[in-house]
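*Asks:* Encoded as structure tokens, here's the structure I'll be asking about.
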Amino acid sequence: RIDGYLFAHVDDTHELEKELAAAQRAGLTDVKLISNPPQQPQLGAALHFPRQGQFQPLAYVAGLAKAIQAKGGLLYDDTHVDQIVDDANQPYVTTTHGSTIKARYIVVATNSPIHSAEFALKQGQYMTYAIGLRIPPEAYSPALYWDTAHNYHYVRAASSEHGKDDILIVGGEDHKVGHDSNTQTHFNNLLEWTEQHFPFVQDVVYQWSGEVIEPMDALAYIGLSPRQQSVYMITADSGHGMTHGTIGGMLITDLILERPNPWAELYDPARRNLHPQSLFSMMEEGLTGNLQFIDYLKPGSVKSPSDLANGEAAIIQDGLKKIAVYKDDEGEVHQCSAICTHWKGVVRWNEAEKTWDCPVHGSRFTPCGKLIQGPANKDLEPVD
Ligand SMILES: Cc1cc2nc3c(=O)[nH]c(=O)nc-3n(C[C@H](O)[C@H](O)[C@H](O)COP(=O)(O)OP(=O)(O)OC[C@H]3O[C@@H](n4cnc5c(N)ncnc54)[C@H](O)[C@@H]3O)c2cc1C
């Protein structure tokens, strides 16, 4: 258990006062407004949230896997589900290996749901960035910090892989998947922000990015999948997957066992939220996603693979077809269709992660077109 501090972005203490009032309405009466966090006074006014949780997510997941197996559960990796069938007599899933798995209940926890088109309209997929910087021992006592910026920044401490160095993890810079191909800039922005707020940091030793899924009203969708009888789902955890995943495990167990659970209605995936802010964010998500189909009208960015240097990628126009072409570091050319297998958006190159990202709903693929992240559930099509 460690302390958490929400500090003001550009001296905006009004925002902190609003957050304090909201925290108190939610029953968090031990949250206090303080003039500055005692260990990092340079951050200025902050809300102090005592007794927050920080844990190592890989150790947590490994512990869960062990607990499942100890209770007789079976885990299969490298097993890709291609179809989920809510048959009234016998629900089942099929896999790309050609197997059929029958079950009384199915839980779809694939982060972006692969079984239901409607969720592509009720949530948005965002890239989020993190860097790990070496820090001098004693410069930072364990605590969580995050700010009130619209795209908020967060800070945690960790140890390097072999426990050799103290590392400060700093994250943020979220944007819609595929809407910014100059992805390295976001790591640079994080570094600049960190040097301003935590001037003791040394060199960057890690950087990575991945997706978070934002629902239209800030709460995950957890429960029975709409209009289905035996298929449950967990999605849209809004960057709080550790919390929402745990709630999901408890809530779906209760729903399947028909035990009452006070959270069922709150997280119900079929809920209708008619709050103007939620309706606006749903419309905004739909509009900004669909506008990206404009890429069909754009010409290819190079004429042929020979125009690419090693490590570069581009979309090439071949008659009416759009081809995603990547030349690897050894000069070998990899080509596949540039059309996303979800709703047929044209994928864009993500320079920092070396992936093809779909700007319409956020599916992602390797440079050779292999699926990494849904809602697509198939690789990009091969080309001759
Ligand atoms: C940089 C970054 C920092 C973050 N920081 C935090 C944090 O501090 N706290 C926090 O709570 N959360 C954080 N998150 C969010 C958190 O990581 C996610 O919310 C969480 O990992 C989602 O868990 P999940 O099990 O739903 O999805 P995933 O971890 O994506 O797991 C989904 C699984 O489903 C599998 N799958 C997908 N499709 C199929 C298919 N067709 N067949 C079979 N299997 C399939 C995938 O291979 C994958 O293993 C962060 C995320 C990022 C990117």
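The chains in the structure tokens are called A, B, ... from first to last as shown; in each chain the residues are counted from 1, and the ligands are counted from 1 in the order shown.
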Would you list the residues that come within 9 Å of ligand 1? Count only C-alpha atoms and all ligand atoms and give the answer as a PDB file with C-alpha atoms, in the first residue's frame.
*Replies:*
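out.pdb, written as the output of this step:
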ATOM      1  CA  GLN A  54       0.678  -1.023  -6.513  1.00  0.00           C
ATOM      2  CA  PRO A  57       1.127  -7.248 -13.003  1.00  0.00           C
ATOM      3  CA  ASP A  77      -2.078 -20.798 -25.356  1.00  0.00           C
ATOM      4  CA  ASP A  78      -1.529 -20.509 -29.123  1.00  0.00           C
ATOM      5  CA  THR A  79      -5.236 -21.330 -29.550  1.00  0.00           C
ATOM      6  CA  HIS A  80      -6.990 -18.714 -31.642  1.00  0.00           C
ATOM      7  CA  VAL A  81     -10.796 -18.611 -31.452  1.00  0.00           C
ATOM      8  CA  ASP A  82     -12.357 -17.706 -34.790  1.00  0.00           C
ATOM      9  CA  GLN A  83     -16.055 -18.166 -34.033  1.00  0.00           C
ATOM     10  CA  THR A  95     -10.532 -22.443 -33.259  1.00  0.00           C
ATOM     11  CA  THR A  96      -8.303 -21.848 -36.263  1.00  0.00           C
ATOM     12  CA  VAL A 108     -15.031 -13.295 -24.123  1.00  0.00           C
ATOM     13  CA  ALA A 109     -12.108 -11.472 -22.457  1.00  0.00           C
ATOM     14  CA  THR A 110     -10.082 -10.636 -25.568  1.00  0.00           C
ATOM     15  CA  ASN A 111      -9.670  -6.958 -24.570  1.00  0.00           C
ATOM     16  CA  SER A 112     -11.367  -5.740 -27.770  1.00  0.00           C
ATOM     17  CA  PRO A 113     -14.398  -8.053 -28.174  1.00  0.00           C
ATOM     18  CA  ILE A 114     -14.198 -10.336 -31.209  1.00  0.00           C
ATOM     19  CA  HIS A 115     -17.815 -11.531 -31.172  1.00  0.00           C
ATOM     20  CA  TYR A 126      -6.286   4.481 -27.912  1.00  0.00           C
ATOM     21  CA  MET A 127      -2.515   4.094 -28.070  1.00  0.00           C
ATOM     22  CA  THR A 128      -0.847   4.933 -24.776  1.00  0.00           C
ATOM     23  CA  TYR A 129       2.891   5.378 -24.215  1.00  0.00           C
ATOM     24  CA  ALA A 130       5.279   4.679 -21.351  1.00  0.00           C
ATOM     25  CA  ILE A 131       8.989   5.217 -20.720  1.00  0.00           C
ATOM     26  CA  TYR A 154       1.134   9.057 -14.485  1.00  0.00           C
ATOM     27  CA  ARG A 156       5.290   4.969 -10.670  1.00  0.00           C
ATOM     28  CA  GLY A 171       3.083   7.162 -19.043  1.00  0.00           C
ATOM     29  CA  GLY A 172       0.536   9.125 -21.040  1.00  0.00           C
ATOM     30  CA  TRP A 208       6.818   0.853 -25.047  1.00  0.00           C
ATOM     31  CA  SER A 209       3.262   1.570 -26.124  1.00  0.00           C
ATOM     32  CA  GLY A 210       0.043  -0.408 -26.283  1.00  0.00           C
ATOM     33  CA  GLU A 211      -3.705   0.026 -26.411  1.00  0.00           C
ATOM     34  CA  VAL A 212      -6.312   0.983 -23.867  1.00  0.00           C
ATOM     35  CA  ILE A 213     -10.012   0.844 -24.665  1.00  0.00           C
ATOM     36  CA  ILE A 234     -15.318  -8.051 -20.261  1.00  0.00           C
ATOM     37  CA  THR A 235     -14.076  -5.076 -22.256  1.00  0.00           C
ATOM     38  CA  ALA A 236     -13.389  -1.314 -22.304  1.00  0.00           C
ATOM     39  CA  ASP A 237     -11.382  -1.200 -19.104  1.00  0.00           C
ATOM     40  CA  SER A 238     -10.232   2.346 -19.800  1.00  0.00           C
ATOM     41  CA  GLY A 239      -6.627   1.742 -18.729  1.00  0.00           C
ATOM     42  CA  HIS A 240      -7.789   0.198 -15.443  1.00  0.00           C
ATOM     43  CA  GLY A 241      -7.522  -3.413 -16.547  1.00  0.00           C
ATOM     44  CA  MET A 242      -6.075  -4.590 -13.242  1.00  0.00           C
ATOM     45  CA  THR A 243      -9.114  -3.272 -11.363  1.00  0.00           C
ATOM     46  CA  HIS A 244     -11.760  -3.996 -13.989  1.00  0.00           C
ATOM     47  CA  GLY A 245     -10.299  -7.475 -14.671  1.00  0.00           C
ATOM     48  CA  LEU A 371      -3.080 -10.006 -36.186  1.00  0.00           C
ATOM     49  CA  ILE A 372      -1.888  -8.498 -32.878  1.00  0.00           C
ATOM     50  CA  GLN A 373      -4.974  -6.736 -31.534  1.00  0.00           C
ATOM     51  CA  GLY A 374      -8.696  -6.812 -32.370  1.00  0.00           C
ATOM     52  CA  PRO A 375     -11.482  -6.045 -32.993  1.00  0.00           C
ATOM     53  CA  ALA A 376     -10.277  -7.684 -36.252  1.00  0.00           C
ATOM     54  CA  ASN A 377     -10.034 -11.431 -35.782  1.00  0.00           C
ATOM     55  CA  LYS A 378      -8.062 -12.358 -38.916  1.00  0.00           C
TER      56      LYS A 378
END
*Asks:* Which parts of segment 110-243 of chain A does DSSP call strand (DSSP E) when run on the backbone here, written out as a PyMOL selection string?
*Replies:* chain A and resi 123-135+144-147+154-159+166-176+204-215+221-224+231-235
*Asks:* Ranking A:Ile135, A:Val333, A:Leu287, A:Leu257 by minimum distance to Asp307 of chain A and counting only C-alpha atoms, which one comes first?
*Replies:* A:Val333
*Asks:* With only C-alpha atoms as the counted atoms, please give the residues lying no more than 9 Å from Val347 of chain A, apart from itself and same-chain residues fewer than 4 positions off, as a VMD selection string.
*Replies:* chain A and resid 178 295 315 324 338 to 340 356 to 360 363 to 365
*Asks:* Quick one: everything within 8 Å of Pro215 of chain A, counting only C-alpha atoms, minus sequence neighbours fewer than 3 positions away in the same chain. Send it as a PyMOL selection string.
*Replies:* chain A and resi 122-124+218-221+236-238
*Asks:* Might you pull out every residue within 12 Å of segment 188-203 of chain A, with only C-alpha atoms counted and same-chain residues fewer than 3 positions away left off, and present them as a PyMOL selection string?
*Replies:* chain A and resi 7-10+39-44+128-140+145-147+149+151-157+165-174+182-185+206-209+352
*Asks:* Mind dumping the selected residues with C-alpha atoms as a PDB file, in the first residue's frame?
*Replies:*
ATOM      1  CA  PHE A   7      -1.384  17.090  -8.822  1.00  0.00           C
ATOM      2  CA  ALA A   8      -2.484  20.104 -10.820  1.00  0.00           C
ATOM      3  CA  HIS A   9      -1.608  20.486 -14.461  1.00  0.00           C
ATOM      4  CA  VAL A  10      -0.494  24.147 -14.924  1.00  0.00           C
ATOM      5  CA  GLN A  39       8.537  13.713  -1.145  1.00  0.00           C
ATOM      6  CA  GLN A  40       8.131  15.687  -4.398  1.00  0.00           C
ATOM      7  CA  PRO A  41       7.286  19.275  -3.293  1.00  0.00           C
ATOM      8  CA  GLN A  42       8.160  20.673  -6.752  1.00  0.00           C
ATOM      9  CA  LEU A  43       4.789  19.314  -8.008  1.00  0.00           C
ATOM     10  CA  GLY A  44       2.791  21.886  -5.996  1.00  0.00           C
ATOM     11  CA  THR A 128      -0.847   4.933 -24.776  1.00  0.00           C
ATOM     12  CA  TYR A 129       2.891   5.378 -24.215  1.00  0.00           C
ATOM     13  CA  ALA A 130       5.279   4.679 -21.351  1.00  0.00           C
ATOM     14  CA  ILE A 131       8.989   5.217 -20.720  1.00  0.00           C
ATOM     15  CA  GLY A 132      11.239   3.828 -17.976  1.00  0.00           C
ATOM     16  CA  LEU A 133      14.072   6.072 -16.759  1.00  0.00           C
ATOM     17  CA  ARG A 134      16.943   5.249 -14.437  1.00  0.00           C
ATOM     18  CA  ILE A 135      16.853   7.311 -11.225  1.00  0.00           C
ATOM     19  CA  PRO A 136      19.398   7.706  -8.414  1.00  0.00           C
ATOM     20  CA  PRO A 137      18.632   5.587  -5.328  1.00  0.00           C
ATOM     21  CA  GLU A 138      16.839   7.646  -2.641  1.00  0.00           C
ATOM     22  CA  ALA A 139      15.531  10.178  -5.228  1.00  0.00           C
ATOM     23  CA  TYR A 140      12.010   8.765  -5.102  1.00  0.00           C
ATOM     24  CA  TYR A 145       1.577  10.476  -9.019  1.00  0.00           C
ATOM     25  CA  TRP A 146      -0.787  11.554 -11.782  1.00  0.00           C
ATOM     26  CA  ASP A 147      -1.885  14.948 -13.065  1.00  0.00           C
ATOM     27  CA  ALA A 149      -4.060  17.218 -17.767  1.00  0.00           C
ATOM     28  CA  ASN A 151      -4.388  13.448 -21.556  1.00  0.00           C
ATOM     29  CA  TYR A 152      -3.136  12.695 -18.101  1.00  0.00           C
ATOM     30  CA  HIS A 153       0.407  11.664 -17.145  1.00  0.00           C
ATOM     31  CA  TYR A 154       1.134   9.057 -14.485  1.00  0.00           C
ATOM     32  CA  VAL A 155       4.290   8.115 -12.587  1.00  0.00           C
ATOM     33  CA  ARG A 156       5.290   4.969 -10.670  1.00  0.00           C
ATOM     34  CA  ALA A 157       8.570   3.456  -9.437  1.00  0.00           C
ATOM     35  CA  ASP A 165      18.474  -0.117 -11.040  1.00  0.00           C
ATOM     36  CA  ASP A 166      15.665   2.012  -9.676  1.00  0.00           C
ATOM     37  CA  ILE A 167      13.354   2.942 -12.541  1.00  0.00           C
ATOM     38  CA  LEU A 168      10.751   5.673 -12.836  1.00  0.00           C
ATOM     39  CA  ILE A 169       7.873   4.664 -15.143  1.00  0.00           C
ATOM     40  CA  VAL A 170       6.097   7.594 -16.768  1.00  0.00           C
ATOM     41  CA  GLY A 171       3.083   7.162 -19.043  1.00  0.00           C
ATOM     42  CA  GLY A 172       0.536   9.125 -21.040  1.00  0.00           C
ATOM     43  CA  GLU A 173       0.314  10.824 -24.478  1.00  0.00           C
ATOM     44  CA  ASP A 174      -2.805   8.823 -25.476  1.00  0.00           C
ATOM     45  CA  ASN A 182       4.831   9.935 -36.000  1.00  0.00           C
ATOM     46  CA  THR A 183       4.694   7.818 -32.864  1.00  0.00           C
ATOM     47  CA  GLN A 184       8.272   8.390 -31.661  1.00  0.00           C
ATOM     48  CA  THR A 185       7.313  12.033 -30.938  1.00  0.00           C
ATOM     49  CA  TYR A 206      12.740   1.312 -21.627  1.00  0.00           C
ATOM     50  CA  GLN A 207       9.987   2.568 -23.890  1.00  0.00           C
ATOM     51  CA  TRP A 208       6.818   0.853 -25.047  1.00  0.00           C
ATOM     52  CA  SER A 209       3.262   1.570 -26.124  1.00  0.00           C
ATOM     53  CA  ALA A 352       7.817   3.315 -33.136  1.00  0.00           C
TER      54      ALA A 352
END
*Asks:* With distances taken over only C-alpha atoms, which residue among A:Thr341, A:Thr148, A:Ser160, A:Ser306 lies nearest Tyr5 of chain A?
*Replies:*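 Selected residue with least distance to Tyr5 of chain A: A:Thr148.
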*Asks:* What residues in segment 56-271 of chain A get the DSSP label alpha helix (DSSP H)? Please answer as a PyMOL selection string.
*Replies:* chain A and resi 57-70+119-122+184-197+241-256+264-267
*Asks:* What does the distance between atom CA of Ile222 of chain A and atom CA of Val31 of chain A come to in Å, to one decimal place?
*Replies:*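 One can read the atom CA of Ile222 of chain A to atom CA of Val31 of chain A distance as 28.1 Å.
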*Asks:* Just want the 7 Å neighbourhood of Ala313 of chain A, counted on only C-alpha atoms, with same-chain residues fewer than 4 positions away dropped. Output as a PyMOL selection string.
*Replies:* chain A and resi 308+325-327+349
*Asks:* Measuring between only C-alpha atoms, which one of A:Asn350, A:Asn36, A:Ile323, A:Leu64 shows the shortest distance to Val302 of chain A?
*Replies:*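 Closest residue, counting only C-alpha atoms: A:Ile323.
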*Asks:* Please, what distance in Å, to one decimal, runs between atom CA of Asp12 of chain A and atom CA of Ile34 of chain A?
*Replies:* 13.7 Å
